[in-house]
Amino acid sequence: MIYRIVHRTTYKYKYPVSVGNHVSCLKPRSLLHHQLAHSELRIQPPPATRTERVDYFGNLLCFFTVQEPHKELEVEARSEVILDGNATPWPQWSLPWEEAARSLPDDHTPTGLEAYQFVFESPRIRIRPEFAAYAFQSFTPGRPMPEALLDLTARIHNDFRFDSKVTNVRTPSEEVFRKRRGVCQDFAHLQIACLRSLNLAARYVSGYLRTYPPPGRPRLVGADASHAWVSAYCPGIGWLDMDPTNNLVPSEGHVTLAWGRDYGDISPLRGLILGGGAHTLKVAVDMEPLNS
């Protein structure tokens, strides 16, 4: 499967911005089952400086500075990604989840050390007794870790309602847990908080999800959206992805953009500006299959 993805972000400012320093995280990763074939970033107004680098987590970032006065900033990322199968296959058997949690601190291999850093709190995700208590309903004694992960994913999907009006990018998981409402970012943060509260390693994954139009209606260009899901580390198997918003294992409909401890590590576009005042933000995503 080959996807062409266009992700357009437009800021409109009330007053001119005299200078803006920005960093984008809009270049999909290349993985074993998932290869980036082409990527370009179009920026208006054209930046005076522009550099690329790989961050601590291996994500591909672009730093740019716009130095001319402007009342609108448009950043358009165009990518083509080739997907060949799914991510790490889900096993029929694994260690009980308690053994997986106990083994992480003593695993000094490069893979184990990389995973262990995702056991701890991060700026947007706290470890709380209420998260552990909720997770324990799925992580019963001796239960294989993949089975428990899928059960927790299903429970979050069933217990929480998708509602884009009750949260924002800074809503804490504790509030989402109380309200039982949120969006994909909230559900990913919540599941990660539950797993870390059991001393399990879990990371936040951002990307894109292919959407389908209602029967008999055309696909609307720009109507897709960025998405978020969860990846948990299972010793002896690797990282296992799950999507609590849709209660499924990510497959050929998911394109991975980046991963980190939480959303704050990999927000698509962030920066500092001088001037501008109030602003409006519009985001449009189009994920088109080229060989379906």
# chains A, B, ... in the order shown; residues from 1 in each chain; ligands from 1
$ select_by_dssp --residues "stretch 114-260 of chain A" --states "strand (DSSP E)" --output "ChimeraX atom specification"
/A:161-162,181-182,202-209,226-234,238-242,254-260
$ write_last_selection --atoms "C-alpha atoms" --output "short mmCIF file (atom, residue, chain, number, x, y, z; two decimals), in the first residue's frame"
data_model
loop_
_atom_site.label_atom_id
_atom_site.label_comp_id
_atom_site.auth_asym_id
_atom_site.auth_seq_id
_atom_site.Cartn_x
_atom_site.Cartn_y
_atom_site.Cartn_z
CA ARG A 161 -16.63 8.74 24.58
CA PHE A 162 -14.98 10.61 21.72
CA ARG A 181 -14.48 11.97 27.33
CA GLY A 182 -11.75 13.17 25.02
CA ALA A 202 4.77 2.73 26.93
CA ARG A 203 5.32 5.50 24.40
CA TYR A 204 3.11 7.98 22.55
CA VAL A 205 2.87 7.53 18.76
CA SER A 206 1.63 10.18 16.36
CA GLY A 207 0.68 9.59 12.78
CA TYR A 208 -2.17 9.36 10.33
CA LEU A 209 -5.21 7.13 10.03
CA SER A 226 -3.71 13.35 12.36
CA HIS A 227 -4.00 10.54 14.88
CA ALA A 228 -2.38 9.18 18.04
CA TRP A 229 -2.02 5.73 19.52
CA VAL A 230 0.11 3.74 21.99
CA SER A 231 3.10 1.44 21.77
CA ALA A 232 4.02 -0.83 24.72
CA TYR A 233 7.23 -2.79 25.17
CA CYS A 234 6.99 -6.54 25.72
CA GLY A 238 9.37 -5.85 21.05
CA TRP A 239 7.04 -2.90 20.75
CA LEU A 240 3.35 -3.66 20.29
CA ASP A 241 1.03 -0.95 18.94
CA MET A 242 -2.62 -0.47 19.91
CA HIS A 254 -1.97 3.70 10.08
CA VAL A 255 1.10 5.71 9.06
CA THR A 256 3.63 6.43 11.80
CA LEU A 257 4.96 9.97 11.97
CA ALA A 258 6.91 10.09 15.25
CA TRP A 259 7.04 8.85 18.84
CA GLY A 260 8.06 10.19 22.22
#
$ closest_atom_pairs --of "stretch 197-287 of chain A" --to "stretch 3-19 of chain A" --cutoff "7 Å" --atoms "only C-alpha atoms" --output "tab-separated table"
residue	atom	partner	partner_atom	distance
A:Ile273	CA	A:Val19	CA	5.8
A:Leu274	CA	A:Val19	CA	5.5
A:Gly275	CA	A:Val17	CA	4.6
A:Gly276	CA	A:Tyr15	CA	4.5
A:Gly277	CA	A:Lys14	CA	5.7
A:Ala278	CA	A:Lys14	CA	5.5
A:His279	CA	A:Tyr13	CA	4.3
A:Thr280	CA	A:Lys12	CA	5.3
A:Leu281	CA	A:Tyr11	CA	4.8
A:Lys282	CA	A:Thr10	CA	5.2
A:Val283	CA	A:Thr9	CA	4.6
A:Ala284	CA	A:Arg8	CA	5.2
A:Val285	CA	A:His7	CA	4.5
A:Asp286	CA	A:Val6	CA	5.1
A:Met287	CA	A:Ile5	CA	4.5
$ select_by_dssp --residues "stretch 34-141 of chain A" --states "helix (DSSP H, G or I)" --output "PyMOL selection string"
chain A and resi 97-106+110-119+129-136
$ closest_residue --among "A:Leu31, A:Ala133, A:Leu269, A:Leu152" --to "A:Leu61" --atoms "only C-alpha atoms"
A:Leu269
$ residues_around --residues "A:Thr140" --least-positions-apart "4" --cutoff "12 Å" --atoms "only C-alpha atoms" --output "ChimeraX atom specification"
/A:96-98,132-136,144-145,147-149,151-152,198
$ write_last_selection --atoms "N, CA and C atoms" --output "PDB file, in the first residue's frame"
ATOM      1  N   PRO A  96       3.994 -13.555  31.498  1.00  0.00           N
ATOM      2  CA  PRO A  96       2.983 -12.820  32.256  1.00  0.00           C
ATOM      3  C   PRO A  96       3.422 -11.369  32.408  1.00  0.00           C
ATOM      4  N   TRP A  97       2.478 -10.484  32.481  1.00  0.00           N
ATOM      5  CA  TRP A  97       2.815  -9.063  32.491  1.00  0.00           C
ATOM      6  C   TRP A  97       3.664  -8.681  33.695  1.00  0.00           C
ATOM      7  N   GLU A  98       3.472  -9.354  34.851  1.00  0.00           N
ATOM      8  CA  GLU A  98       4.270  -9.020  36.038  1.00  0.00           C
ATOM      9  C   GLU A  98       5.750  -9.295  35.787  1.00  0.00           C
ATOM     10  N   ALA A 132      -3.557   2.939  38.011  1.00  0.00           N
ATOM     11  CA  ALA A 132      -3.168   1.553  38.275  1.00  0.00           C
ATOM     12  C   ALA A 132      -4.395   0.706  38.596  1.00  0.00           C
ATOM     13  N   ALA A 133      -5.303   1.248  39.408  1.00  0.00           N
ATOM     14  CA  ALA A 133      -6.510   0.492  39.776  1.00  0.00           C
ATOM     15  C   ALA A 133      -7.355   0.180  38.540  1.00  0.00           C
ATOM     16  N   TYR A 134      -7.465   1.143  37.630  1.00  0.00           N
ATOM     17  CA  TYR A 134      -8.224   0.904  36.401  1.00  0.00           C
ATOM     18  C   TYR A 134      -7.532  -0.159  35.545  1.00  0.00           C
ATOM     19  N   ALA A 135      -6.201  -0.081  35.444  1.00  0.00           N
ATOM     20  CA  ALA A 135      -5.456  -1.038  34.629  1.00  0.00           C
ATOM     21  C   ALA A 135      -5.500  -2.439  35.208  1.00  0.00           C
ATOM     22  N   PHE A 136      -5.509  -2.563  36.544  1.00  0.00           N
ATOM     23  CA  PHE A 136      -5.499  -3.877  37.185  1.00  0.00           C
ATOM     24  C   PHE A 136      -6.715  -4.719  36.806  1.00  0.00           C
ATOM     25  N   PRO A 144      -1.005 -13.106  30.298  1.00  0.00           N
ATOM     26  CA  PRO A 144      -0.002 -12.731  29.294  1.00  0.00           C
ATOM     27  C   PRO A 144      -0.149 -11.255  28.919  1.00  0.00           C
ATOM     28  N   MET A 145       0.987 -10.603  28.738  1.00  0.00           N
ATOM     29  CA  MET A 145       0.952  -9.161  28.515  1.00  0.00           C
ATOM     30  C   MET A 145       0.170  -8.755  27.264  1.00  0.00           C
ATOM     31  N   GLU A 147      -2.379 -10.128  25.843  1.00  0.00           N
ATOM     32  CA  GLU A 147      -3.803 -10.294  26.124  1.00  0.00           C
ATOM     33  C   GLU A 147      -4.316  -9.168  27.015  1.00  0.00           C
ATOM     34  N   ALA A 148      -3.530  -8.804  28.017  1.00  0.00           N
ATOM     35  CA  ALA A 148      -3.930  -7.723  28.919  1.00  0.00           C
ATOM     36  C   ALA A 148      -3.951  -6.383  28.191  1.00  0.00           C
ATOM     37  N   LEU A 149      -2.992  -6.165  27.300  1.00  0.00           N
ATOM     38  CA  LEU A 149      -2.953  -4.914  26.546  1.00  0.00           C
ATOM     39  C   LEU A 149      -4.199  -4.747  25.684  1.00  0.00           C
ATOM     40  N   ASP A 151      -7.088  -6.110  26.170  1.00  0.00           N
ATOM     41  CA  ASP A 151      -8.255  -5.938  27.023  1.00  0.00           C
ATOM     42  C   ASP A 151      -8.350  -4.492  27.516  1.00  0.00           C
ATOM     43  N   LEU A 152      -7.222  -3.918  27.927  1.00  0.00           N
ATOM     44  CA  LEU A 152      -7.230  -2.525  28.378  1.00  0.00           C
ATOM     45  C   LEU A 152      -7.611  -1.591  27.229  1.00  0.00           C
ATOM     46  N   LEU A 198       1.766   0.724  36.191  1.00  0.00           N
ATOM     47  CA  LEU A 198       2.069  -0.676  36.500  1.00  0.00           C
ATOM     48  C   LEU A 198       3.537  -1.005  36.242  1.00  0.00           C
TER      49      LEU A 198
END
$ closest_residue --among "A:Leu290, A:Leu200, A:Val66, A:Leu26" --to "A:Glu52" --atoms "only C-alpha atoms"
A:Leu26
$ residues_around --residues "A:Arg53" --least-positions-apart "3" --cutoff "12 Å" --atoms "only C-alpha atoms" --output "PyMOL selection string"
chain A and resi 23-25+27+50+56-64
$ atom_distance --atom1 "atom CA of A:His38" --atom2 "atom CA of A:Ala77"
10.6 Å
$ residues_around --residues "A:Thr245" --least-positions-apart "6" --cutoff "8 Å" --atoms "only C-alpha atoms" --output "short mmCIF file (atom, residue, chain, number, x, y, z; two decimals) with C-alpha atoms, in the first residue's frame"
data_model
loop_
_atom_site.label_atom_id
_atom_site.label_comp_id
_atom_site.auth_asym_id
_atom_site.auth_seq_id
_atom_site.Cartn_x
_atom_site.Cartn_y
_atom_site.Cartn_z
CA ILE A 156 -10.85 2.43 27.22
CA HIS A 157 -12.68 2.37 23.89
CA PHE A 162 -14.98 10.61 21.72
CA VAL A 183 -10.00 12.65 21.69
CA CYS A 184 -7.31 10.31 20.40
CA PHE A 187 -7.01 8.27 25.12
CA ALA A 188 -3.39 7.58 24.19
CA TRP A 229 -2.02 5.73 19.52
#
$ residues_around --residues "A:Ser30" --least-positions-apart "3" --cutoff "9 Å" --atoms "only C-alpha atoms" --output "PyMOL selection string"
chain A and resi 33-37+81+256-257
$ atom_distance --atom1 "atom CA of A:Ala115" --atom2 "atom CA of A:Gln191"
16.5 Å
$ closest_residue --among "A:Gly253, A:Arg270, A:Phe118, A:Asn247" --to "A:Arg196" --atoms "only C-alpha atoms"
A:Phe118
$ atom_distance --atom1 "atom CA of A:Ile192" --atom2 "atom CA of A:Leu272"
28.8 Å
$ closest_residue --among "A:Pro141, A:Pro235, A:Ser267, A:Met1" --to "A:Ala101" --atoms "only C-alpha atoms"
A:Pro235
